[in-house]
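This report concerns only the one structure given below.
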Amino acid sequence: MRLFLLTALTMLAFAANSVLNRWAVGSGHIGAVEFALIRLVAGAVVLLALVLWQRGGWAWPGRRGRLAGVLGLSAYLMGFSLAYRGLDAGTGALVLFGAVQVTMFAGALAAREVVPPRRWAGSMVALGGLALIAAPGAVALLPLALMVVAGVGWGVYSLAGRGATDPLAATAWNFLLSVPLALPLFLVADLAPPDTTGLVLALVSGAVTSGLGYALWYAVLPRLGAARAAVAQLTVPVIAALGGAVLLAELPGLRFWLASALVLGGVALASLPYRVFPRR
């Protein structure tokens with residue numbers, strides 16, 4: 001029960017990032033670049049504080065995967081925030097989730113991993129769901145493309161961290177090293193001071209639902225296993241859609257639910273063990 005509750009709390013944190021970003025950026029409380037930068041810095045501070053508290057020092061996780069991790073995280077944060085200027089919370093989470101799964105699948109192929117037929121089938125079904133969202137007239141193409149970039153970035157970030165021996169330290173340093181990469185955006189972006197609501201939402205997204213949420217995810221992930229972890233994340237787009245409906249009055253249409261069935265069903269097909277029930 002404790003593992004279930006911790007996993008549910010983590011999924012709520014992931015979905016909350018979509019709702020908070022859409023609430024702040026989509027409603028005009030803060031600019032997309034400002035939101036991403038504040039979220040990044042707040043997340044870096046919280047994660048490094050956790051590392052110092054747990055490790056008693058600046059635990060350096062090594063150079064392996066750092067470049068891909070930093071570039072992937074930066075692409076995710078910027079694409080995520082910019083996309084939510086034109087996507088509702090549920091649709092954004094669905095496109096992000098689907099793009100992450102496709103990227104992870106491509107990474108497995110690049111690493112020459114054996115891919116069973118049902119995983120191919122599941123990926124094709126999930127791609128069909130993304131194509132339904134991207135159909136003409138469904139959403140604006142630029143926000144959709146930016147969310148796909150965010151999904152690819154998070155997928156690359158996840159692939160880079162597969163071999164991390166200290167996931168918390170690796171995440172903390174990826175956040176920290178992404179800060180100087182993102183700061184030049186201040187020089188080229190047309191920035192405006194956020195209002196109090198936008199600032200608070202960005203800080204909560206960075207420090208709580210990103211920093212603490214990612215740390216909690218790494219704590220429960222070893223106990224869940226890969227298959228259950230993949231299935232648990234299927235709930236994130238639905239939670240985000242419900243949160244958007246309650247907090248932002250964004251009611252998903254029929255196209256969203258059909259696309260959700262395809263994306264989530266395809267990922268479940270690709271992720272679940274071959275034998276769901278044990279032999280008698």
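Each chain of the structure tokens is named A, B, ... in the order shown, its residues numbered from 1; ligands are numbered from 1 in display order.
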
Among segment 51-185 of chain A, which residues carry a DSSP assignment of helix (DSSP H, G or I), reported as a ChimeraX atom specification?
/A:51-55,66-83,89-110,117-133,141-160,167-182,185

Quick one: residues within 12 Å of Leu248 of chain A, only C-alpha atoms counted, chain neighbours fewer than 5 positions away excluded, as a PyMOL selection string?
chain A and resi 18-24+26-27+88-90+240-243

Fewer than 4 positions away in the same chain doesn't count, so skip those; otherwise give me all residues within 9 Å of segment 43-45 of chain A, counting only C-alpha atoms, as JSON, numbers by chain.
{"A": [38, 39, 49, 50, 171, 172, 173, 174, 175, 176, 177, 178, 179, 203, 205, 206, 207, 208, 209, 210, 211, 212]}

Take the residues from that selection and put them in a file with C-alpha atoms, as a PDB file, in the first residue's frame.
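Result went into part.pdb, see below:
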ATOM      1  CA  ILE A  38      12.594  29.696 -12.850  1.00  0.00           C
ATOM      2  CA  ARG A  39      11.498  26.050 -12.864  1.00  0.00           C
ATOM      3  CA  ALA A  49      20.041  20.376  -1.352  1.00  0.00           C
ATOM      4  CA  LEU A  50      18.763  16.773  -1.292  1.00  0.00           C
ATOM      5  CA  THR A 171      19.503  14.383 -11.912  1.00  0.00           C
ATOM      6  CA  ALA A 172      20.729  17.162  -9.633  1.00  0.00           C
ATOM      7  CA  TRP A 173      23.839  17.812 -11.719  1.00  0.00           C
ATOM      8  CA  ASN A 174      21.875  17.660 -14.980  1.00  0.00           C
ATOM      9  CA  PHE A 175      19.615  20.400 -13.613  1.00  0.00           C
ATOM     10  CA  LEU A 176      22.562  22.459 -12.381  1.00  0.00           C
ATOM     11  CA  LEU A 177      24.549  22.162 -15.616  1.00  0.00           C
ATOM     12  CA  SER A 178      21.466  23.083 -17.654  1.00  0.00           C
ATOM     13  CA  VAL A 179      21.244  26.479 -15.924  1.00  0.00           C
ATOM     14  CA  LEU A 203       8.519  27.936  -8.165  1.00  0.00           C
ATOM     15  CA  SER A 205       6.640  23.405 -10.505  1.00  0.00           C
ATOM     16  CA  GLY A 206      10.424  23.593 -10.133  1.00  0.00           C
ATOM     17  CA  ALA A 207      10.900  22.914  -6.428  1.00  0.00           C
ATOM     18  CA  VAL A 208       8.015  20.534  -5.702  1.00  0.00           C
ATOM     19  CA  THR A 209       6.520  18.755  -8.710  1.00  0.00           C
ATOM     20  CA  SER A 210       9.842  18.630 -10.622  1.00  0.00           C
ATOM     21  CA  GLY A 211      12.596  18.558  -7.975  1.00  0.00           C
ATOM     22  CA  LEU A 212      10.868  16.541  -5.254  1.00  0.00           C
TER      23      LEU A 212
END

All residues 7 Å or closer to Gly128 of chain A, only C-alpha atoms, same chain fewer than 4 positions away omitted, as number ranges by chain
A: 124, 132, 262

Taking a cut-off of 10 Å and counting only C-alpha atoms, can you build a table that, for each residue of segment 105-175 of chain A near segment 74-81 of chain A, reports the nearest atom pair and how far apart they are in Å (one decimal), sorted by chain then residue number, as CSV?
residue,atom,partner,partner_atom,distance
A:Pro143,CA,A:Gly79,CA,8.5
A:Leu144,CA,A:Gly79,CA,9.6
A:Ala145,CA,A:Gly79,CA,8.6
A:Leu146,CA,A:Gly79,CA,4.9
A:Met147,CA,A:Phe80,CA,5.6
A:Val148,CA,A:Gly79,CA,7.9
A:Val149,CA,A:Gly79,CA,5.9
A:Ala150,CA,A:Tyr76,CA,3.8
A:Gly151,CA,A:Tyr76,CA,6.4
A:Val152,CA,A:Tyr76,CA,7.4
A:Gly153,CA,A:Tyr76,CA,4.7
A:Trp154,CA,A:Tyr76,CA,5.4
A:Gly155,CA,A:Tyr76,CA,8.8
A:Val156,CA,A:Tyr76,CA,9.3
A:Tyr157,CA,A:Tyr76,CA,8.6
A:Asn174,CA,A:Ser74,CA,9.0
A:Phe175,CA,A:Ser74,CA,8.4

When you look at Ala169 of chain A with a cut-off of 12 Å (counting only C-alpha atoms), what residues show up, excluding the ones that are within fewer than 2 positions of it in the same chain? I need them as number ranges by chain.
A: 44, 46-63, 66, 161, 164-167, 171-176, 211, 214-215, 218

Store the residues picked out above, limited to C-alpha atoms, as a PDB file, in the first residue's frame.
ATOM      1  CA  ALA A  44      18.386  22.558  -9.292  1.00  0.00           C
ATOM      2  CA  VAL A  46      16.075  21.586  -4.315  1.00  0.00           C
ATOM      3  CA  LEU A  47      17.812  18.579  -5.892  1.00  0.00           C
ATOM      4  CA  LEU A  48      21.294  19.754  -4.895  1.00  0.00           C
ATOM      5  CA  ALA A  49      20.041  20.376  -1.352  1.00  0.00           C
ATOM      6  CA  LEU A  50      18.763  16.773  -1.292  1.00  0.00           C
ATOM      7  CA  VAL A  51      22.134  15.505  -2.503  1.00  0.00           C
ATOM      8  CA  LEU A  52      23.975  17.485   0.178  1.00  0.00           C
ATOM      9  CA  TRP A  53      21.561  16.251   2.841  1.00  0.00           C
ATOM     10  CA  GLN A  54      21.695  12.576   1.819  1.00  0.00           C
ATOM     11  CA  ARG A  55      25.325  12.320   0.715  1.00  0.00           C
ATOM     12  CA  GLY A  56      26.926  14.893   2.987  1.00  0.00           C
ATOM     13  CA  GLY A  57      28.811  16.460   0.062  1.00  0.00           C
ATOM     14  CA  TRP A  58      28.809  17.279  -3.643  1.00  0.00           C
ATOM     15  CA  ALA A  59      28.397  13.784  -5.083  1.00  0.00           C
ATOM     16  CA  TRP A  60      29.670  13.896  -8.690  1.00  0.00           C
ATOM     17  CA  PRO A  61      28.037  11.071 -10.718  1.00  0.00           C
ATOM     18  CA  GLY A  62      30.703  11.017 -13.446  1.00  0.00           C
ATOM     19  CA  ARG A  63      30.798  12.302 -17.014  1.00  0.00           C
ATOM     20  CA  ARG A  66      26.116  14.111 -18.732  1.00  0.00           C
ATOM     21  CA  GLY A 161      20.312   8.069 -17.266  1.00  0.00           C
ATOM     22  CA  ALA A 164      23.373   6.013 -13.648  1.00  0.00           C
ATOM     23  CA  THR A 165      24.704   4.514 -10.433  1.00  0.00           C
ATOM     24  CA  ASP A 166      23.451   7.484  -8.402  1.00  0.00           C
ATOM     25  CA  PRO A 167      20.242   8.679 -10.096  1.00  0.00           C
ATOM     26  CA  THR A 171      19.503  14.383 -11.912  1.00  0.00           C
ATOM     27  CA  ALA A 172      20.729  17.162  -9.633  1.00  0.00           C
ATOM     28  CA  TRP A 173      23.839  17.812 -11.719  1.00  0.00           C
ATOM     29  CA  ASN A 174      21.875  17.660 -14.980  1.00  0.00           C
ATOM     30  CA  PHE A 175      19.615  20.400 -13.613  1.00  0.00           C
ATOM     31  CA  LEU A 176      22.562  22.459 -12.381  1.00  0.00           C
ATOM     32  CA  GLY A 211      12.596  18.558  -7.975  1.00  0.00           C
ATOM     33  CA  TYR A 214      11.724  13.383  -9.698  1.00  0.00           C
ATOM     34  CA  ALA A 215      13.535  12.478  -6.478  1.00  0.00           C
ATOM     35  CA  TYR A 218      13.839   7.578  -8.404  1.00  0.00           C
TER      36      TYR A 218
END

Work out how far apart atom CA of Val102 of chain A and atom CA of Thr10 of chain A are and give it in Å to one decimal.
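It comes out at 22.0 Å.
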
Do you have, as a tab-separated table, the list of residues of segment 143-211 of chain A lying at most 8 Å from segment 29-35 of chain A, each with its nearest atom pair and that distance in Å to one decimal, counting only C-alpha atoms and ordered by chain then number?
residue	atom	partner	partner_atom	distance
A:Leu185	CA	A:Val33	CA	7.5
A:Ala189	CA	A:Val33	CA	7.4
A:Leu191	CA	A:Glu34	CA	7.0
A:Ala192	CA	A:Gly31	CA	6.9
A:Pro193	CA	A:Ile30	CA	7.3
A:Pro194	CA	A:Ile30	CA	4.5
A:Asp195	CA	A:His29	CA	5.7
A:Thr196	CA	A:His29	CA	7.9
A:Thr197	CA	A:His29	CA	6.3
A:Gly198	CA	A:His29	CA	4.5
A:Leu199	CA	A:Ile30	CA	7.2
A:Ala202	CA	A:Phe35	CA	5.4

Can you spit out the residues from that selection as a PDB file, in the first residue's frame, using C-alpha atoms?
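Ended up saving to again13.pdb:
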ATOM      1  CA  LEU A 185      17.889  32.909 -23.463  1.00  0.00           C
ATOM      2  CA  ALA A 189      14.009  36.445 -25.530  1.00  0.00           C
ATOM      3  CA  LEU A 191      11.152  38.832 -21.309  1.00  0.00           C
ATOM      4  CA  ALA A 192       8.564  40.447 -19.083  1.00  0.00           C
ATOM      5  CA  PRO A 193       8.231  40.428 -15.287  1.00  0.00           C
ATOM      6  CA  PRO A 194       5.805  37.709 -14.144  1.00  0.00           C
ATOM      7  CA  ASP A 195       2.963  38.481 -11.805  1.00  0.00           C
ATOM      8  CA  THR A 196       2.790  36.897  -8.355  1.00  0.00           C
ATOM      9  CA  THR A 197       0.666  33.979  -9.549  1.00  0.00           C
ATOM     10  CA  GLY A 198       3.068  33.130 -12.365  1.00  0.00           C
ATOM     11  CA  LEU A 199       6.098  33.317 -10.080  1.00  0.00           C
ATOM     12  CA  ALA A 202       6.880  28.368 -11.578  1.00  0.00           C
TER      13      ALA A 202
END
